[in-house]
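Peer 1: TSV, C-alpha atoms, saved as final.tsv, coming up:
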chain	number	residue	atom	x	y	z
A	1	MET	CA	5.53	-11.19	-5.94
A	2	LEU	CA	2.81	-9.08	-7.59
A	3	LYS	CA	2.19	-9.37	-11.30
A	4	ILE	CA	-0.44	-7.25	-13.03
A	5	THR	CA	-1.11	-8.28	-16.63
A	6	ASN	CA	-3.33	-6.31	-19.04
A	7	PHE	CA	-5.52	-5.15	-16.16
A	8	SER	CA	-8.60	-3.16	-17.19
A	9	LYS	CA	-11.50	-1.84	-15.12
A	10	SER	CA	-14.44	0.30	-16.21
A	11	TYR	CA	-17.29	1.99	-14.36
A	12	GLY	CA	-20.15	2.00	-16.84
A	13	ASP	CA	-18.83	3.55	-20.05
A	14	LYS	CA	-15.83	5.13	-18.34
A	15	ALA	CA	-12.53	3.27	-18.38
A	16	ALA	CA	-10.85	3.74	-15.00
A	17	VAL	CA	-7.76	1.69	-15.93
A	18	ALA	CA	-6.88	0.34	-19.37
A	19	ASP	CA	-4.47	-2.49	-20.18
A	20	LEU	CA	-2.10	-1.95	-17.27
A	21	SER	CA	0.84	-4.33	-16.79
A	22	LEU	CA	3.35	-4.08	-13.93
A	23	HIS	CA	5.62	-6.51	-12.06
A	24	ILE	CA	6.63	-5.93	-8.45
A	25	GLU	CA	9.34	-8.35	-7.33
A	26	LYS	CA	10.42	-9.49	-3.87
A	27	GLY	CA	12.66	-6.98	-2.18
A	28	GLN	CA	11.24	-4.01	-4.09
A	29	ILE	CA	9.54	-0.83	-2.95
A	30	TYR	CA	7.45	0.14	-5.97
A	31	GLY	CA	5.85	3.59	-6.16
A	32	PHE	CA	2.63	4.25	-8.07
A	33	ILE	CA	2.27	7.90	-9.07
A	34	GLY	CA	-0.60	9.78	-10.69
A	35	HIS	CA	-3.00	12.67	-10.30
A	36	ASN	CA	-6.35	12.34	-8.53
A	37	GLY	CA	-8.63	10.04	-10.52
A	38	ALA	CA	-5.77	8.52	-12.51
A	39	GLY	CA	-6.71	4.96	-11.53
A	40	LYS	CA	-4.31	4.29	-8.66
A	41	THR	CA	-6.86	3.35	-6.00
A	42	THR	CA	-8.87	1.26	-8.47
A	43	THR	CA	-5.74	-0.73	-9.28
A	44	LEU	CA	-4.75	-1.22	-5.65
A	45	LYS	CA	-8.25	-2.34	-4.64
A	46	ALA	CA	-8.27	-4.88	-7.47
A	47	CYS	CA	-4.87	-6.20	-6.35
A	48	VAL	CA	-6.19	-6.94	-2.85
A	49	GLY	CA	-9.43	-8.50	-4.07
A	50	ILE	CA	-11.84	-5.71	-3.13
A	51	LEU	CA	-12.77	-4.85	-6.72
A	52	ASP	CA	-13.56	-7.23	-9.54
A	53	PHE	CA	-12.20	-6.28	-12.94
A	54	ASP	CA	-13.11	-6.61	-16.58
A	55	LYS	CA	-9.95	-7.87	-18.22
A	56	GLY	CA	-6.48	-9.18	-17.46
A	57	GLU	CA	-5.00	-11.05	-14.52
A	58	ILE	CA	-3.40	-10.20	-11.20
A	59	PHE	CA	-1.13	-12.72	-9.48
A	60	VAL	CA	0.19	-12.64	-5.91
A	61	ASP	CA	3.20	-14.92	-5.58
A	62	GLY	CA	1.97	-16.83	-8.64
A	63	VAL	CA	-1.61	-17.21	-7.39
A	64	SER	CA	-4.51	-15.64	-9.29
A	65	VAL	CA	-6.49	-13.03	-7.35
A	66	LYS	CA	-9.54	-13.88	-9.48
A	67	LYS	CA	-9.39	-17.64	-9.02
A	68	SER	CA	-8.03	-17.89	-5.45
A	69	PRO	CA	-8.77	-14.60	-3.67
A	70	LEU	CA	-8.63	-15.99	-0.14
A	71	GLU	CA	-5.23	-17.61	-0.69
A	72	CYS	CA	-3.92	-14.30	-2.04
A	73	LYS	CA	-5.35	-12.29	0.84
A	74	LYS	CA	-3.47	-14.46	3.32
A	75	LYS	CA	-0.23	-13.14	1.81
A	76	ILE	CA	-1.26	-9.47	1.66
A	77	ALA	CA	-1.61	-6.54	4.04
A	78	TYR	CA	-3.58	-3.54	2.77
A	79	ILE	CA	-3.53	0.02	4.10
A	80	PRO	CA	-6.27	2.06	2.40
A	81	ASP	CA	-6.16	5.82	1.85
A	82	ASN	CA	-8.75	6.30	4.59
A	83	PRO	CA	-8.36	3.87	7.51
A	84	ASP	CA	-11.94	2.68	8.11
A	85	LEU	CA	-11.47	0.77	11.35
A	86	TYR	CA	-13.96	-0.74	13.79
A	87	GLU	CA	-14.43	2.31	15.98
A	88	PHE	CA	-16.37	0.49	18.70
A	89	MET	CA	-13.23	-1.50	19.51
A	90	THR	CA	-10.26	-0.36	21.51
A	91	GLY	CA	-6.93	-0.30	19.68
A	92	ILE	CA	-5.74	-3.50	21.33
A	93	LYS	CA	-9.01	-5.32	20.58
A	94	TYR	CA	-8.71	-4.31	16.93
A	95	LEU	CA	-5.14	-5.61	16.72
A	96	ASN	CA	-6.15	-8.86	18.41
A	97	PHE	CA	-9.03	-9.18	15.95
A	98	VAL	CA	-6.64	-8.82	13.01
A	99	SER	CA	-4.28	-11.32	14.64
A	100	ASP	CA	-7.16	-13.79	15.02
A	101	VAL	CA	-8.12	-13.41	11.35
A	102	TYR	CA	-4.57	-14.19	10.22
A	103	GLY	CA	-3.92	-16.90	12.80
A	104	VAL	CA	-1.12	-15.12	14.64
A	105	SER	CA	-0.18	-17.01	17.83
A	106	LYS	CA	-0.65	-15.39	21.23
A	107	ALA	CA	3.09	-15.19	21.86
A	108	ASP	CA	3.86	-13.73	18.43
A	109	ARG	CA	1.08	-11.16	18.56
A	110	GLU	CA	2.09	-9.94	22.00
A	111	ALA	CA	5.68	-9.47	20.87
A	112	LEU	CA	4.80	-7.82	17.56
A	113	ILE	CA	2.05	-5.58	18.90
A	114	GLY	CA	4.39	-4.47	21.67
A	115	LYS	CA	7.19	-3.79	19.19
A	116	TYR	CA	5.21	-1.75	16.68
A	117	ALA	CA	3.04	0.06	19.23
A	118	ASP	CA	6.20	1.18	21.00
A	119	ILE	CA	7.97	2.51	17.91
A	120	PHE	CA	4.87	4.46	16.83
A	121	GLY	CA	4.21	5.78	20.34
A	122	MET	CA	0.83	4.05	20.52
A	123	THR	CA	1.28	1.81	23.57
A	124	GLU	CA	-0.62	4.07	25.98
A	125	SER	CA	-3.44	4.60	23.45
A	126	LEU	CA	-4.28	0.95	22.77
A	127	ALA	CA	-6.77	0.80	25.64
A	128	THR	CA	-8.67	3.76	24.16
A	129	PRO	CA	-11.62	3.25	21.75
A	130	VAL	CA	-10.68	3.81	18.11
A	131	SER	CA	-13.56	6.32	17.91
A	132	ALA	CA	-11.47	8.67	20.07
A	133	TYR	CA	-8.41	8.46	17.79
A	134	SER	CA	-7.25	11.28	15.53
A	135	HIS	CA	-6.76	10.52	11.84
A	136	GLY	CA	-3.02	10.14	12.42
A	137	MET	CA	-3.56	7.66	15.26
A	138	LYS	CA	-5.94	5.61	13.10
A	139	GLN	CA	-3.31	5.58	10.37
A	140	LYS	CA	-0.69	4.33	12.83
A	141	LEU	CA	-3.05	1.60	14.03
A	142	ALA	CA	-3.69	0.53	10.43
A	143	VAL	CA	0.06	0.37	9.81
A	144	ILE	CA	0.63	-1.72	12.95
A	145	ALA	CA	-2.20	-4.06	11.90
A	146	ALA	CA	-0.55	-4.49	8.50
A	147	PHE	CA	2.82	-5.53	9.90
A	148	ILE	CA	1.81	-7.79	12.80
A	149	HIS	CA	0.73	-10.77	10.67
A	150	SER	CA	4.01	-10.86	8.69
A	151	PRO	CA	2.64	-10.57	5.14
A	152	SER	CA	4.70	-11.19	2.01
A	153	LEU	CA	3.27	-8.18	0.18
A	154	ILE	CA	2.05	-4.84	1.56
A	155	ILE	CA	-0.15	-2.63	-0.60
A	156	MET	CA	-0.60	0.95	0.59
A	157	ASP	CA	-2.74	3.80	-0.72
A	158	GLU	CA	-1.26	7.17	0.32
A	159	PRO	CA	0.23	5.71	3.54
A	160	PHE	CA	1.92	8.93	4.72
A	161	VAL	CA	-1.23	11.09	4.78
A	162	GLY	CA	-2.00	12.13	8.36
A	163	LEU	CA	1.29	10.92	9.81
A	164	ASP	CA	3.52	13.32	11.70
A	165	PRO	CA	7.18	13.64	10.60
A	166	LYS	CA	8.44	11.16	13.21
A	167	ALA	CA	5.85	8.53	12.25
A	168	THR	CA	6.59	9.13	8.56
A	169	HIS	CA	10.29	8.49	9.18
A	170	THR	CA	9.47	5.36	11.18
A	171	LEU	CA	7.23	3.99	8.44
A	172	LYS	CA	9.89	4.60	5.78
A	173	GLU	CA	12.41	2.68	7.87
A	174	LEU	CA	9.95	-0.18	8.38
A	175	MET	CA	9.29	-0.32	4.63
A	176	ARG	CA	13.01	-0.56	3.89
A	177	ASP	CA	13.55	-3.27	6.51
A	178	PHE	CA	10.51	-5.23	5.30
A	179	CYS	CA	11.76	-5.33	1.72
A	180	ALA	CA	15.36	-6.00	2.75
A	181	ALA	CA	14.00	-9.15	4.44
A	182	GLY	CA	12.40	-10.30	1.17
A	183	GLY	CA	8.99	-8.64	1.27
A	184	ALA	CA	7.53	-6.42	-1.44
A	185	ILE	CA	5.65	-3.11	-1.22
A	186	PHE	CA	3.41	-1.48	-3.84
A	187	PHE	CA	2.14	1.93	-2.80
A	188	SER	CA	0.61	5.09	-4.20
A	189	THR	CA	1.67	8.53	-3.06
A	190	HIS	CA	1.44	12.20	-3.98
A	191	VAL	CA	4.58	12.95	-1.96
A	192	LEU	CA	7.04	12.76	-4.82
A	193	GLU	CA	10.07	13.67	-2.70
A	194	VAL	CA	9.42	10.62	-0.50
A	195	ALA	CA	8.90	8.36	-3.51
A	196	GLU	CA	12.12	9.61	-5.10
A	197	LYS	CA	14.20	8.75	-2.03
A	198	LEU	CA	12.39	5.55	-1.06
A	199	CYS	CA	11.41	3.62	-4.19
A	200	ASP	CA	13.43	1.12	-6.19
A	201	ARG	CA	10.98	1.35	-9.09
A	202	VAL	CA	8.16	3.68	-10.01
A	203	ALA	CA	5.22	3.77	-12.42
A	204	ILE	CA	3.37	6.89	-13.54
A	205	ILE	CA	-0.26	6.54	-14.60
A	206	LYS	CA	-2.40	9.13	-16.41
A	207	ASP	CA	-6.16	8.76	-16.99
A	208	GLY	CA	-5.97	5.01	-16.43
A	209	SER	CA	-3.06	4.39	-18.81
A	210	LEU	CA	0.56	3.72	-17.96
A	211	VAL	CA	2.82	6.58	-19.04
A	212	VAL	CA	6.18	5.20	-17.91
A	213	SER	CA	7.66	2.63	-15.53
A	214	GLY	CA	11.14	1.54	-14.58
A	215	THR	CA	13.84	1.96	-11.97
A	216	MET	CA	13.94	5.35	-10.29
A	217	ASP	CA	17.12	6.24	-12.19
A	218	GLU	CA	15.56	5.19	-15.52
A	219	VAL	CA	12.43	7.25	-14.98
A	220	ARG	CA	14.09	10.25	-13.38
A	221	GLY	CA	17.22	10.56	-15.48
A	222	ASP	CA	19.03	13.79	-14.61
A	223	ALA	CA	15.87	15.58	-13.48
A	224	SER	CA	13.79	15.35	-10.30
A	225	LEU	CA	10.84	12.97	-10.13
A	226	GLU	CA	8.54	15.98	-9.76
A	227	ASP	CA	9.85	17.54	-12.98
A	228	VAL	CA	9.53	14.25	-14.86
A	229	PHE	CA	6.01	13.67	-13.54
A	230	LEU	CA	4.79	17.11	-14.53
A	231	GLU	CA	6.38	16.87	-17.97
A	232	LEU	CA	5.01	13.40	-18.70
A	233	VAL	CA	1.51	14.21	-17.48
A	234	GLU	CA	1.38	17.42	-19.52
A	235	ASP	CA	2.67	15.61	-22.62
A	236	ALA	CA	-0.01	12.94	-22.19
A	237	GLU	CA	-2.82	15.53	-22.22
Just give me the structure as structure tokens.

Peer 2:
Amino acid sequence: MLKITNFSKSYGDKAAVADLSLHIEKGQIYGFIGHNGAGKTTTLKACVGILDFDKGEIFVDGVSVKKSPLECKKKIAYIPDNPDLYEFMTGIKYLNFVSDVYGVSKADREALIGKYADIFGMTESLATPVSAYSHGMKQKLAVIAAFIHSPSLIIMDEPFVGLDPKATHTLKELMRDFCAAGGAIFFSTHVLEVAEKLCDRVAIIKDGSLVVSGTMDEVRGDASLEDVFLELVEDAE
């Protein structure tokens, strides 16, 4: 579903990511782990067509992000690390705007907005301007917006930040159901305990270079993901 091949991106003389290759298949929840500044957000933004890049290729369902960005974006939902939403809109107007962009029918959007707003406890807040939302409410709205247009691939940057325990549990269940139905998820997180329990595969990146990738059992072995992460990052220094 998502294939990253020899991806490289620099800012001036500084290499943010160097020669990264990963393959996220349908049905997989793929975790992307690394310290601050490791290159995670740069990679995710390139995957969704926000950032151009210097070298390599990124394919979404076999389509090049470089050559056909709009076609790729139709298949993707993106949840950034900081949900920058249109604050002058109410929650429901924002969700209808996203539905319009992706061509979701009136009947489908009403059903899906109702479903996801209910499970995240947002139904009563949708008439309120986004400017009045807390960070956690904005995060929930961004998550709802990602799911309502039925993407094939969801890319998330630190999706659990700002969510309360109940919303975190709900999102994890949605992620599992989404991938069980044939979707794919590629997400970054600092919450290693969540990644360890949730992910099918994981990649660890250090200073823009891939340190290790594989199934959770392959990467973790007999240790915890936290222990493996700390050991690999320290060895790479």

Peer 1: What is the CA of Tyr133 in chain A to CA of Lys45 in chain A distance in Å?

Peer 2: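 Interatomic distance, CA of Tyr133 in chain A to CA of Lys45 in chain A: 24.9 Å.
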
Peer 1: Neighbours of range 104-120 of chain A within 7 Å (all atoms listed in the file; same-chain residues fewer than 3 positions away dropped), as an MDAnalysis selection string?

Peer 2: chainID A and resid 99:100 123 140 144 148:149 167

Peer 1: Can you tell me which residues surround Ala46 in chain A at a distance of at most 9 Å, considering all atoms listed in the file, apart from same-chain residues fewer than 5 positions away, and format the answer as a PyMOL selection string?

Peer 2: chain A and resi 9+41+51-53+58+65

Peer 1: Can you find the residues with an atom no farther than 7 Å from (-3.1, -6.9, 7.4), counting all atoms listed in the file, and report them as a PyMOL selection string?

Peer 2: chain A and resi 76-78+98+145-147+149

Peer 1: Which one is closest to Ala181 in chain A: A:Ile29, A:Leu163, A:Val63, A:Ile205? Count all atoms listed in the file.

Peer 2: A:Ile29

Peer 1: Within 7 Å of Ser131 in chain A, counting all atoms listed in the file, which residues show up once you throw out same-chain ones fewer than 2 positions away? Write them as a list of chain:residue names, please.

Peer 2: A:Glu87, A:Phe88, A:Pro129, A:Tyr133

Peer 1: Given only C-alpha atoms as the basis, pick out the residue of A:Ser152, A:Ser188, A:Gln139, A:Ser64 nearest to Leu85 in chain A.

Peer 2: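 Once distances to Leu85 in chain A are computed over only C-alpha atoms, the minimum belongs to A:Gln139.
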
Peer 1: Enter the distance from CA of Glu71 in chain A to CA of Glu57 in chain A, in Å, rounded to one decimal.

Peer 2: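 So the two atoms, CA of Glu71 in chain A and CA of Glu57 in chain A, lie 15.3 Å apart.
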
Peer 1: Name the residues, using the chain letters and numbers of the file, that sit within 8 Å of (-0.1, -5.6, -2.5) when counting only C-alpha atoms, and give them as a short mmCIF file (atom, residue, chain, number, x, y, z; two decimals) with C-alpha atoms, in the coordinates of the input.

Peer 2:
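selection-v2.cif was written with the following content:
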data_model
loop_
_atom_site.label_atom_id
_atom_site.label_comp_id
_atom_site.auth_asym_id
_atom_site.auth_seq_id
_atom_site.Cartn_x
_atom_site.Cartn_y
_atom_site.Cartn_z
CA LEU A 2 2.81 -9.08 -7.59
CA LEU A 44 -4.75 -1.22 -5.65
CA CYS A 47 -4.87 -6.20 -6.35
CA VAL A 48 -6.19 -6.94 -2.85
CA VAL A 60 0.19 -12.64 -5.91
CA ILE A 76 -1.26 -9.47 1.66
CA ALA A 77 -1.61 -6.54 4.04
CA TYR A 78 -3.58 -3.54 2.77
CA LEU A 153 3.27 -8.18 0.18
CA ILE A 154 2.05 -4.84 1.56
CA ILE A 155 -0.15 -2.63 -0.60
CA MET A 156 -0.60 0.95 0.59
CA ALA A 184 7.53 -6.42 -1.44
CA ILE A 185 5.65 -3.11 -1.22
CA PHE A 186 3.41 -1.48 -3.84
CA PHE A 187 2.14 1.93 -2.80
#

Peer 1: Would you pick out the contacts of Thr128 in chain A at 7 Å or less, using all atoms listed in the file, so that residues sharing its chain but fewer than 3 positions from it are not included, and give the list as number ranges by chain?

Peer 2: A: 90-91, 125, 132
